file query-v5.txt (compact mmCIF, C-alpha atoms and all ligand atoms)
# COMPACT_ATOMS: atom_id res chain seq x y z
CA MET A 113 -17.01 -156.17 16.67
CA SER A 114 -14.71 -159.19 16.50
CA LEU A 115 -15.98 -162.28 18.29
CA LEU A 116 -13.18 -162.47 20.87
CA GLN A 117 -12.22 -158.84 21.31
CA GLY A 118 -11.08 -158.31 24.90
CA LYS A 119 -11.02 -162.06 25.66
CA THR A 120 -7.99 -163.97 26.92
CA VAL A 121 -7.50 -167.48 25.62
CA LEU A 122 -5.23 -170.27 26.85
CA LEU A 123 -4.67 -172.70 23.98
CA THR A 124 -2.66 -175.89 24.46
CA GLY A 125 -0.96 -177.84 21.68
CA ALA A 126 -0.64 -174.62 19.70
CA SER A 127 2.67 -175.31 17.92
CA ARG A 128 1.26 -177.32 15.01
CA GLY A 129 -1.63 -179.33 13.63
CA ILE A 130 -5.16 -178.51 14.73
CA GLY A 131 -3.93 -176.21 17.52
CA ALA A 132 -1.95 -174.00 15.11
CA SER A 133 -5.05 -173.61 12.92
CA ILE A 134 -7.22 -172.76 15.93
CA ALA A 135 -4.63 -170.17 17.08
CA CYS A 136 -4.85 -168.30 13.76
CA ALA A 137 -8.66 -168.28 13.83
CA LEU A 138 -8.73 -166.96 17.41
CA ALA A 139 -6.20 -164.28 16.49
CA LYS A 140 -8.35 -163.10 13.58
CA GLU A 141 -11.18 -162.61 16.07
CA GLY A 142 -9.01 -160.31 18.17
CA ALA A 143 -8.27 -162.57 21.16
CA SER A 144 -5.27 -162.20 23.47
CA LEU A 145 -3.53 -165.55 23.41
CA THR A 146 -1.33 -167.70 25.59
CA LEU A 147 0.01 -170.51 23.43
CA VAL A 148 1.36 -173.68 25.03
CA ALA A 149 3.42 -176.55 23.60
CA HIS A 150 6.13 -179.01 24.62
CA PRO A 151 9.54 -177.50 25.54
CA HIS A 152 11.14 -179.44 22.65
CA HIS A 153 9.36 -177.12 20.21
CA GLU A 154 9.97 -173.75 21.80
CA GLN A 155 11.20 -172.28 18.51
CA ASP A 156 8.12 -173.48 16.57
CA LEU A 157 5.90 -171.97 19.24
CA LYS A 158 7.71 -168.60 19.04
CA GLN A 159 7.22 -168.59 15.26
CA MET A 160 3.56 -169.41 15.80
CA CYS A 161 3.32 -166.48 18.19
CA ASP A 162 4.73 -164.09 15.54
CA LYS A 163 2.29 -165.52 13.01
CA VAL A 164 -0.79 -165.00 15.20
CA LYS A 165 0.29 -161.45 15.99
CA GLY A 166 0.34 -160.90 12.23
CA CYS A 167 -3.17 -162.39 12.04
CA GLY A 168 -4.57 -159.80 14.45
CA ALA A 169 -4.09 -161.21 17.96
CA LYS A 170 -4.28 -158.38 20.43
CA ASP A 171 -1.44 -159.92 22.40
CA CYS A 172 0.41 -163.25 22.43
CA HIS A 173 2.56 -165.07 24.98
CA THR A 174 4.12 -168.51 24.81
CA CYS A 175 4.65 -171.09 27.49
CA CYS A 176 6.55 -174.37 27.11
CA VAL A 177 5.39 -177.15 29.40
CA ASP A 178 5.59 -180.93 29.20
CA PHE A 179 2.04 -182.07 29.93
CA ALA A 180 3.35 -185.41 31.13
CA ASP A 181 4.85 -183.53 34.10
CA SER A 182 1.98 -182.84 36.49
CA LYS A 183 4.01 -180.38 38.63
CA ALA A 184 4.86 -178.29 35.57
CA VAL A 185 1.21 -178.35 34.48
CA GLN A 186 0.11 -177.24 37.95
CA LYS A 187 2.60 -174.34 37.81
CA LEU A 188 1.17 -173.24 34.45
CA ALA A 189 -2.37 -173.65 35.82
CA ASP A 190 -1.60 -171.54 38.90
CA GLU A 191 0.05 -168.78 36.85
CA CYS A 192 -2.87 -168.62 34.42
CA ALA A 193 -5.41 -168.81 37.24
CA SER A 194 -3.89 -165.80 38.98
CA LYS A 195 -4.25 -163.72 35.79
CA GLY A 196 -7.64 -165.17 34.85
CA VAL A 197 -8.56 -166.69 31.50
CA ASP A 198 -11.83 -166.26 29.59
CA VAL A 199 -11.43 -169.27 27.29
CA LEU A 200 -9.49 -172.49 27.85
CA ILE A 201 -8.98 -174.73 24.84
CA ASN A 202 -7.53 -178.13 25.78
CA ASN A 203 -6.13 -179.29 22.45
CA ALA A 204 -2.70 -180.82 23.24
CA GLY A 205 -2.70 -184.55 22.77
CA ILE A 206 -0.63 -187.58 21.88
CA PHE A 207 -1.66 -190.71 20.11
CA GLY A 208 0.26 -193.03 22.35
CA ALA A 209 3.87 -194.04 22.41
CA HIS A 210 6.61 -191.89 20.95
CA HIS A 211 6.43 -193.17 17.39
CA GLY A 212 2.71 -193.83 17.19
CA GLU A 213 2.97 -197.55 17.87
CA GLU A 214 -0.11 -199.27 19.22
CA LEU A 215 -0.84 -199.19 22.95
CA GLY A 216 -3.46 -201.75 23.84
CA PRO A 217 -4.18 -205.13 25.38
CA LEU A 218 -1.87 -207.00 23.00
CA LYS A 219 0.83 -204.45 22.17
CA GLY A 220 2.84 -201.66 23.73
CA ASN A 221 4.48 -200.86 27.03
CA PRO A 222 2.07 -200.09 29.93
CA ASP A 223 4.55 -197.45 31.16
CA ASP A 224 3.55 -195.43 28.08
CA TRP A 225 -0.10 -195.54 29.20
CA ASP A 226 0.77 -193.15 32.02
CA ARG A 227 2.04 -190.55 29.56
CA CYS A 228 -1.02 -190.91 27.37
CA MET A 229 -3.38 -190.45 30.34
CA GLN A 230 -1.33 -187.53 31.71
CA VAL A 231 -1.17 -185.55 28.48
CA ASN A 232 -4.66 -186.28 27.09
CA ALA A 233 -6.76 -186.37 30.25
CA LEU A 234 -5.09 -185.41 33.54
CA ALA A 235 -3.36 -182.23 32.33
CA PRO A 236 -6.60 -180.80 30.83
CA MET A 237 -8.49 -181.75 34.00
CA ARG A 238 -5.86 -179.95 36.12
CA LEU A 239 -6.17 -176.80 33.98
CA ILE A 240 -9.97 -176.87 34.21
CA ARG A 241 -9.83 -177.26 37.99
CA ALA A 242 -7.47 -174.29 38.35
CA LEU A 243 -9.18 -171.90 35.94
CA THR A 244 -12.86 -172.36 36.72
CA PRO A 245 -13.05 -170.56 40.11
CA LYS A 246 -12.17 -167.21 38.52
CA MET A 247 -14.57 -167.87 35.63
CA CYS A 248 -17.28 -168.54 38.24
CA GLU A 249 -16.51 -165.21 39.95
CA LYS A 250 -16.80 -163.47 36.59
CA GLY A 251 -19.98 -165.35 35.72
CA GLU A 252 -18.81 -166.45 32.29
CA GLY A 253 -16.22 -168.59 30.56
CA TRP A 254 -15.60 -171.21 27.92
CA ILE A 255 -13.84 -174.55 28.22
CA ILE A 256 -13.42 -176.39 24.94
CA ASN A 257 -11.90 -179.86 25.04
CA ILE A 258 -10.67 -181.45 21.82
CA GLY A 259 -11.67 -185.06 22.23
CA ASP A 260 -12.03 -187.79 19.61
CA VAL A 261 -14.75 -190.03 18.24
CA GLU A 262 -12.60 -192.81 19.69
CA ALA A 263 -14.31 -191.91 22.98
CA MET A 264 -17.68 -192.90 21.53
CA HIS A 265 -17.16 -196.21 19.84
CA GLU A 266 -14.79 -199.04 20.53
CA GLY A 267 -12.25 -199.84 17.86
CA PRO A 268 -9.82 -202.75 18.23
CA HIS A 269 -6.68 -200.60 18.15
CA HIS A 270 -5.13 -197.90 20.32
CA ALA A 271 -6.99 -198.79 23.50
CA ALA A 272 -4.86 -196.54 25.72
CA TYR A 273 -5.53 -193.50 23.51
CA ALA A 274 -9.26 -194.32 23.49
CA ALA A 275 -9.20 -194.68 27.28
CA SER A 276 -7.60 -191.26 27.69
CA LYS A 277 -10.20 -189.62 25.41
CA TYR A 278 -13.04 -191.42 27.22
CA ALA A 279 -11.65 -189.95 30.45
CA LEU A 280 -11.50 -186.44 28.99
CA ARG A 281 -15.03 -186.77 27.58
CA GLY A 282 -16.37 -188.02 30.92
CA PHE A 283 -14.82 -185.08 32.76
CA SER A 284 -16.05 -182.67 30.09
CA LEU A 285 -19.68 -183.89 30.22
CA SER A 286 -19.71 -183.84 34.00
CA ALA A 287 -18.08 -180.40 34.14
CA TYR A 288 -20.71 -179.18 31.66
CA GLU A 289 -23.43 -180.06 34.17
CA ALA A 290 -21.52 -178.73 37.18
CA LEU A 291 -20.64 -175.39 35.58
CA ARG A 292 -23.82 -174.54 33.70
CA GLU A 293 -25.32 -172.74 36.68
CA HIS A 294 -22.20 -170.53 36.76
CA CYS A 295 -22.64 -169.61 33.08
CA ILE A 296 -19.47 -171.45 32.13
CA ARG A 297 -19.90 -173.33 28.89
CA VAL A 298 -18.05 -176.62 28.50
CA VAL A 299 -17.86 -178.33 25.12
CA ASP A 300 -16.32 -181.60 23.97
CA VAL A 301 -15.38 -181.34 20.28
CA ALA A 302 -14.88 -184.87 18.97
CA PRO A 303 -13.44 -185.21 15.47
CA GLY A 304 -12.82 -188.39 13.53
CA ASN A 305 -9.61 -188.68 11.52
CA VAL A 306 -8.08 -185.30 10.73
CA SER A 307 -5.61 -185.01 7.88
CA GLY A 308 -2.32 -183.19 7.72
CA THR A 309 -1.35 -183.06 11.40
CA GLY A 310 1.57 -184.54 13.32
CA MET A 311 -0.76 -187.11 14.83
CA ALA A 312 -2.17 -188.10 11.44
CA GLU A 313 1.36 -188.75 10.14
CA LYS A 314 2.28 -190.93 13.10
CA SER A 315 -0.87 -192.96 13.22
CA ASP A 316 -1.22 -196.07 11.07
CA MET A 317 -4.99 -195.65 11.58
CA HIS A 318 -4.88 -192.57 9.35
CA GLY A 319 -2.24 -193.74 6.90
CA GLY A 320 -1.40 -190.05 6.39
CA GLN A 321 -4.83 -189.54 4.83
CA GLY A 322 -7.98 -188.11 6.26
CA VAL A 323 -11.11 -186.43 5.06
CA ILE A 324 -11.70 -183.97 7.89
CA THR A 325 -9.30 -181.04 7.78
CA PRO A 326 -7.92 -179.02 10.69
CA ASP A 327 -10.06 -176.17 9.35
CA ASP A 328 -13.21 -178.27 9.92
CA VAL A 329 -12.25 -178.54 13.58
CA VAL A 330 -11.55 -174.79 13.66
CA GLN A 331 -15.05 -174.13 12.28
CA ALA A 332 -16.58 -176.32 15.00
CA VAL A 333 -14.69 -174.41 17.71
CA MET A 334 -15.53 -170.97 16.31
CA PHE A 335 -19.21 -171.95 15.95
CA CYS A 336 -19.40 -172.06 19.77
CA PHE A 337 -18.49 -168.38 20.10
CA ARG A 338 -21.19 -167.34 17.62
CA LEU A 339 -24.01 -168.70 19.76
CA SER A 340 -26.11 -166.56 22.05
CA LYS A 341 -25.23 -166.50 25.76
CA ASN A 342 -28.07 -168.93 26.45
CA ALA A 343 -26.83 -171.69 24.17
CA VAL A 344 -24.06 -174.23 24.53
CA PRO A 345 -23.29 -177.31 22.44
CA GLN A 346 -22.38 -179.96 24.98
CA GLU A 347 -20.67 -182.07 22.33
CA ILE A 348 -19.80 -181.54 18.69
CA VAL A 349 -19.08 -184.78 16.86
CA LEU A 350 -17.38 -184.39 13.47
CA LYS A 351 -17.40 -187.45 11.28
CA ALA A 352 -15.99 -187.97 7.82
CA MET A 353 -18.32 -188.05 4.81
CA LYS A 354 -16.63 -190.89 2.96
CA ALA A 355 -19.20 -193.49 2.02
CA GLY A 356 -18.83 -196.51 4.24
CA LYS A 357 -15.66 -195.18 5.81
CA ALA A 358 -16.82 -192.54 8.27
CA THR A 359 -15.02 -192.97 11.60
N1 LIG B 401 -5.32 -185.81 13.94
C1 LIG B 401 -6.40 -186.54 14.19
O1 LIG B 401 -6.77 -187.41 13.41
C2 LIG B 401 -7.23 -186.27 15.42
C3 LIG B 401 -8.52 -186.83 15.47
C4 LIG B 401 -9.30 -186.60 16.59
C5 LIG B 401 -8.80 -185.84 17.64
N2 LIG B 401 -7.55 -185.32 17.58
C6 LIG B 401 -7.08 -184.55 18.73
O2 LIG B 401 -6.73 -183.25 18.31
C7 LIG B 401 -5.71 -182.72 19.17
C8 LIG B 401 -4.58 -182.14 18.30
O3 LIG B 401 -4.02 -183.20 17.54
P1 LIG B 401 -3.23 -182.97 16.16
O4 LIG B 401 -3.75 -183.99 15.22
O5 LIG B 401 -3.21 -181.55 15.77
O6 LIG B 401 -1.77 -183.47 16.61
P2 LIG B 401 -0.31 -182.83 16.47
O7 LIG B 401 -0.12 -182.18 15.14
O8 LIG B 401 0.59 -183.95 16.83
O9 LIG B 401 -0.27 -181.69 17.60
C9 LIG B 401 -0.29 -182.05 18.95
C10 LIG B 401 -0.05 -180.82 19.79
O10 LIG B 401 -0.03 -181.25 21.18
C11 LIG B 401 1.19 -180.84 21.78
N3 LIG B 401 1.72 -181.82 22.73
C12 LIG B 401 1.91 -183.13 22.50
N4 LIG B 401 2.49 -183.70 23.58
C13 LIG B 401 2.66 -182.72 24.50
C14 LIG B 401 3.21 -182.68 25.80
N5 LIG B 401 3.71 -183.77 26.39
N6 LIG B 401 3.26 -181.49 26.45
C15 LIG B 401 2.77 -180.36 25.86
N7 LIG B 401 2.23 -180.34 24.62
C16 LIG B 401 2.18 -181.51 23.95
C17 LIG B 401 2.18 -180.71 20.63
O11 LIG B 401 3.21 -179.83 21.04
P3 LIG B 401 4.70 -180.00 20.41
O12 LIG B 401 4.58 -179.64 18.97
O13 LIG B 401 5.52 -179.05 21.17
O14 LIG B 401 5.06 -181.44 20.61
C18 LIG B 401 1.30 -180.18 19.51
O15 LIG B 401 1.20 -178.78 19.61
C19 LIG B 401 -5.28 -183.87 20.07
O16 LIG B 401 -5.88 -183.76 21.33
C20 LIG B 401 -5.81 -185.09 19.36
O17 LIG B 401 -6.07 -186.18 20.23
C21 LIG B 401 -6.76 -185.51 16.48

call {"tool": "encode", "arguments": {"input": "query-v5.txt", "output": "structure tokens", "more": "lines below"}}
Ligand SMILES: NC(=O)c1ccc[n+]([C@@H]2O[C@H](COP(=O)([O-])OP(=O)(O)OC[C@H]3O[C@@H](n4cnc5c(N)ncnc54)[C@H](OP(=O)(O)O)[C@@H]3O)[C@@H](O)[C@H]2O)c1
result
Amino acid sequence: MSLLQGKTVLLTGASRGIGASIACALAKEGASLTLVAHPHHEQDLKQMCDKVKGCGAKDCHTCCVDFADSKAVQKLADECASKGVDVLINNAGIFGAHHGEELGPLKGNPDDWDRCMQVNALAPMRLIRALTPKMCEKGEGWIINIGDVEAMHEGPHHAAYAASKYALRGFSLSAYEALREHCIRVVDVAPGNVSGTGMAEKSDMHGGQGVITPDDVVQAVMFCFRLSKNAVPQEIVLKAMKAGKAT
């Protein structure tokens, strides 16, 4: 039987990049999907929905929400909570300001920090808070947060992005402990630089190049579902194998 047959999945940031690759893998395993992205890319998300149906998704719906808008995120969270979700994958994320410019102690506009924190940390936290009670009732569930190795070591650039991923990681690790007794498995997947995504193109850190691929992140996510019910990886850290250059 397929890994996710009969399971409903809410996947954020599904219009492109890592999220689009995860969506296809989930579809191949027979999941029913709700795909979320920013309202600016409604058309891309609809195309993605058609694609995952072609890949084998049992069902697919789309939802366009700006994660910087906490009221809109709460509305999405409430709607999904009323239906119930088996798997939440918090993948949507932004690197910082609109064009990838640095946001840190020496550069950038602090008003942009709010957006970074909202999209990368507060929106996922809001979704987790809304969706876990029903998972607890059911006695099972998965929450997979796509973090970043930036939340594990301090680099000199992109401090606001790092801060947002530290926040997400902190919530994820704490939620892991809080939800274990309810058989809800919470995982922080933390990749280094990933090539070929919108974020990689924007970020001067990546220079458009990277040695981890979106498919590597997909493999890390799908690995979780192959484990027995008793096992959960609290964190999966994916680093690049480039001598002397691993992030
Ligand atoms: N690429 C890397 O090197 C790398 C490394 C480590 C971790 N990550 C993490 O991996 C995740 C995916 O990144 P990616 O590289 O695939 O980036 P990407 O290609 O830029 O995709 C980002 C996704 O997030 C969505 N999103 C962005 N802002 C949003 C908002 N305000 N409201 C709703 N959705 C929004 C985008 O939707 P739209 O298309 O509609 O804008 C898109 O689907 C992020 O959490 C990122 O931090 C990436």

call {"tool": "residues_near_point", "arguments": {"input": "query-v5.txt", "point": "(-12.2, -166.0, 20.6)", "cutoff": "12 Å", "atoms": "all atoms listed in the file", "output": "mmCIF file with C-alpha atoms, in the coordinates of the input"}}
result
data_model
loop_
_atom_site.group_PDB
_atom_site.id
_atom_site.type_symbol
_atom_site.label_atom_id
_atom_site.label_comp_id
_atom_site.auth_asym_id
_atom_site.auth_seq_id
_atom_site.Cartn_x
_atom_site.Cartn_y
_atom_site.Cartn_z
ATOM 1 C CA MET A 113 -17.010 -156.170 16.670
ATOM 2 C CA SER A 114 -14.710 -159.190 16.500
ATOM 3 C CA LEU A 115 -15.980 -162.280 18.290
ATOM 4 C CA LEU A 116 -13.180 -162.470 20.870
ATOM 5 C CA GLN A 117 -12.220 -158.840 21.310
ATOM 6 C CA GLY A 118 -11.080 -158.310 24.900
ATOM 7 C CA LYS A 119 -11.020 -162.060 25.660
ATOM 8 C CA THR A 120 -7.990 -163.970 26.920
ATOM 9 C CA VAL A 121 -7.500 -167.480 25.620
ATOM 10 C CA LEU A 122 -5.230 -170.270 26.850
ATOM 11 C CA LEU A 123 -4.670 -172.700 23.980
ATOM 12 C CA ILE A 134 -7.220 -172.760 15.930
ATOM 13 C CA ALA A 135 -4.630 -170.170 17.080
ATOM 14 C CA CYS A 136 -4.850 -168.300 13.760
ATOM 15 C CA ALA A 137 -8.660 -168.280 13.830
ATOM 16 C CA LEU A 138 -8.730 -166.960 17.410
ATOM 17 C CA ALA A 139 -6.200 -164.280 16.490
ATOM 18 C CA LYS A 140 -8.350 -163.100 13.580
ATOM 19 C CA GLU A 141 -11.180 -162.610 16.070
ATOM 20 C CA GLY A 142 -9.010 -160.310 18.170
ATOM 21 C CA ALA A 143 -8.270 -162.570 21.160
ATOM 22 C CA SER A 144 -5.270 -162.200 23.470
ATOM 23 C CA LEU A 145 -3.530 -165.550 23.410
ATOM 24 C CA GLY A 168 -4.570 -159.800 14.450
ATOM 25 C CA ALA A 169 -4.090 -161.210 17.960
ATOM 26 C CA LYS A 170 -4.280 -158.380 20.430
ATOM 27 C CA VAL A 197 -8.560 -166.690 31.500
ATOM 28 C CA ASP A 198 -11.830 -166.260 29.590
ATOM 29 C CA VAL A 199 -11.430 -169.270 27.290
ATOM 30 C CA LEU A 200 -9.490 -172.490 27.850
ATOM 31 C CA ILE A 201 -8.980 -174.730 24.840
ATOM 32 C CA GLY A 253 -16.220 -168.590 30.560
ATOM 33 C CA TRP A 254 -15.600 -171.210 27.920
ATOM 34 C CA ILE A 255 -13.840 -174.550 28.220
ATOM 35 C CA ILE A 256 -13.420 -176.390 24.940
ATOM 36 C CA VAL A 330 -11.550 -174.790 13.660
ATOM 37 C CA GLN A 331 -15.050 -174.130 12.280
ATOM 38 C CA VAL A 333 -14.690 -174.410 17.710
ATOM 39 C CA MET A 334 -15.530 -170.970 16.310
ATOM 40 C CA PHE A 335 -19.210 -171.950 15.950
ATOM 41 C CA CYS A 336 -19.400 -172.060 19.770
ATOM 42 C CA PHE A 337 -18.490 -168.380 20.100
ATOM 43 C CA ARG A 338 -21.190 -167.340 17.620
#

call {"tool": "residues_near_ligand", "arguments": {"input": "query-v5.txt", "ligand": "ligand LIG 401 (chain B)", "cutoff": "7 Å", "atoms": "all atoms listed in the file", "output": "ChimeraX atom specification"}}
result
/A:124-131,148-154,177-180,203-207,231-232,258-261,302-307,309-312,318

call {"tool": "residues_near_point", "arguments": {"input": "query-v5.txt", "point": "(-0.1, -206.8, 21.8)", "cutoff": "12 Å", "atoms": "only C-alpha atoms", "output": "MDAnalysis selection string"}}
result
chainID A and resid 213:222 268:272

call {"tool": "atom_distance", "arguments": {"input": "query-v5.txt", "atom1": "atom CA of A:Ala233", "atom2": "atom CA of A:Phe283"}}
result
8.5 Å

call {"tool": "atom_distance", "arguments": {"input": "query-v5.txt", "atom1": "atom CA of A:Ala193", "atom2": "atom CA of A:Glu293"}}
result
20.3 Å

call {"tool": "atom_distance", "arguments": {"input": "query-v5.txt", "atom1": "atom CA of A:Asp156", "atom2": "atom CA of A:Gln186"}}
result
23.1 Å

call {"tool": "closest_residue", "arguments": {"input": "query-v5.txt", "among": "A:Ala189, A:Ala275, A:His294, A:Tyr288", "to": "A:Leu243", "atoms": "only C-alpha atoms"}}
result
A:Ala189

call {"tool": "closest_residue", "arguments": {"input": "query-v5.txt", "among": "A:Cys228, A:Ala332, A:Ile296, A:Cys161", "to": "A:Ala274", "atoms": "all atoms listed in the file"}}
result
A:Cys228

call {"tool": "closest_residue", "arguments": {"input": "query-v5.txt", "among": "A:Ser286, A:Arg281, A:Gly196, A:Tyr273", "to": "A:Cys248", "atoms": "all atoms listed in the file"}}
result
A:Gly196

call {"tool": "axis_aligned_box", "arguments": {"input": "query-v5.txt", "around": "stretch 251-266 of chain A", "padding_each_side": "5 Å", "output": "AutoDock Vina command-line options"}}
result
--center_x -15.3 --center_y -182.2 --center_z 27.0 --size_x 19.3 --size_y 43.7 --size_z 27.5
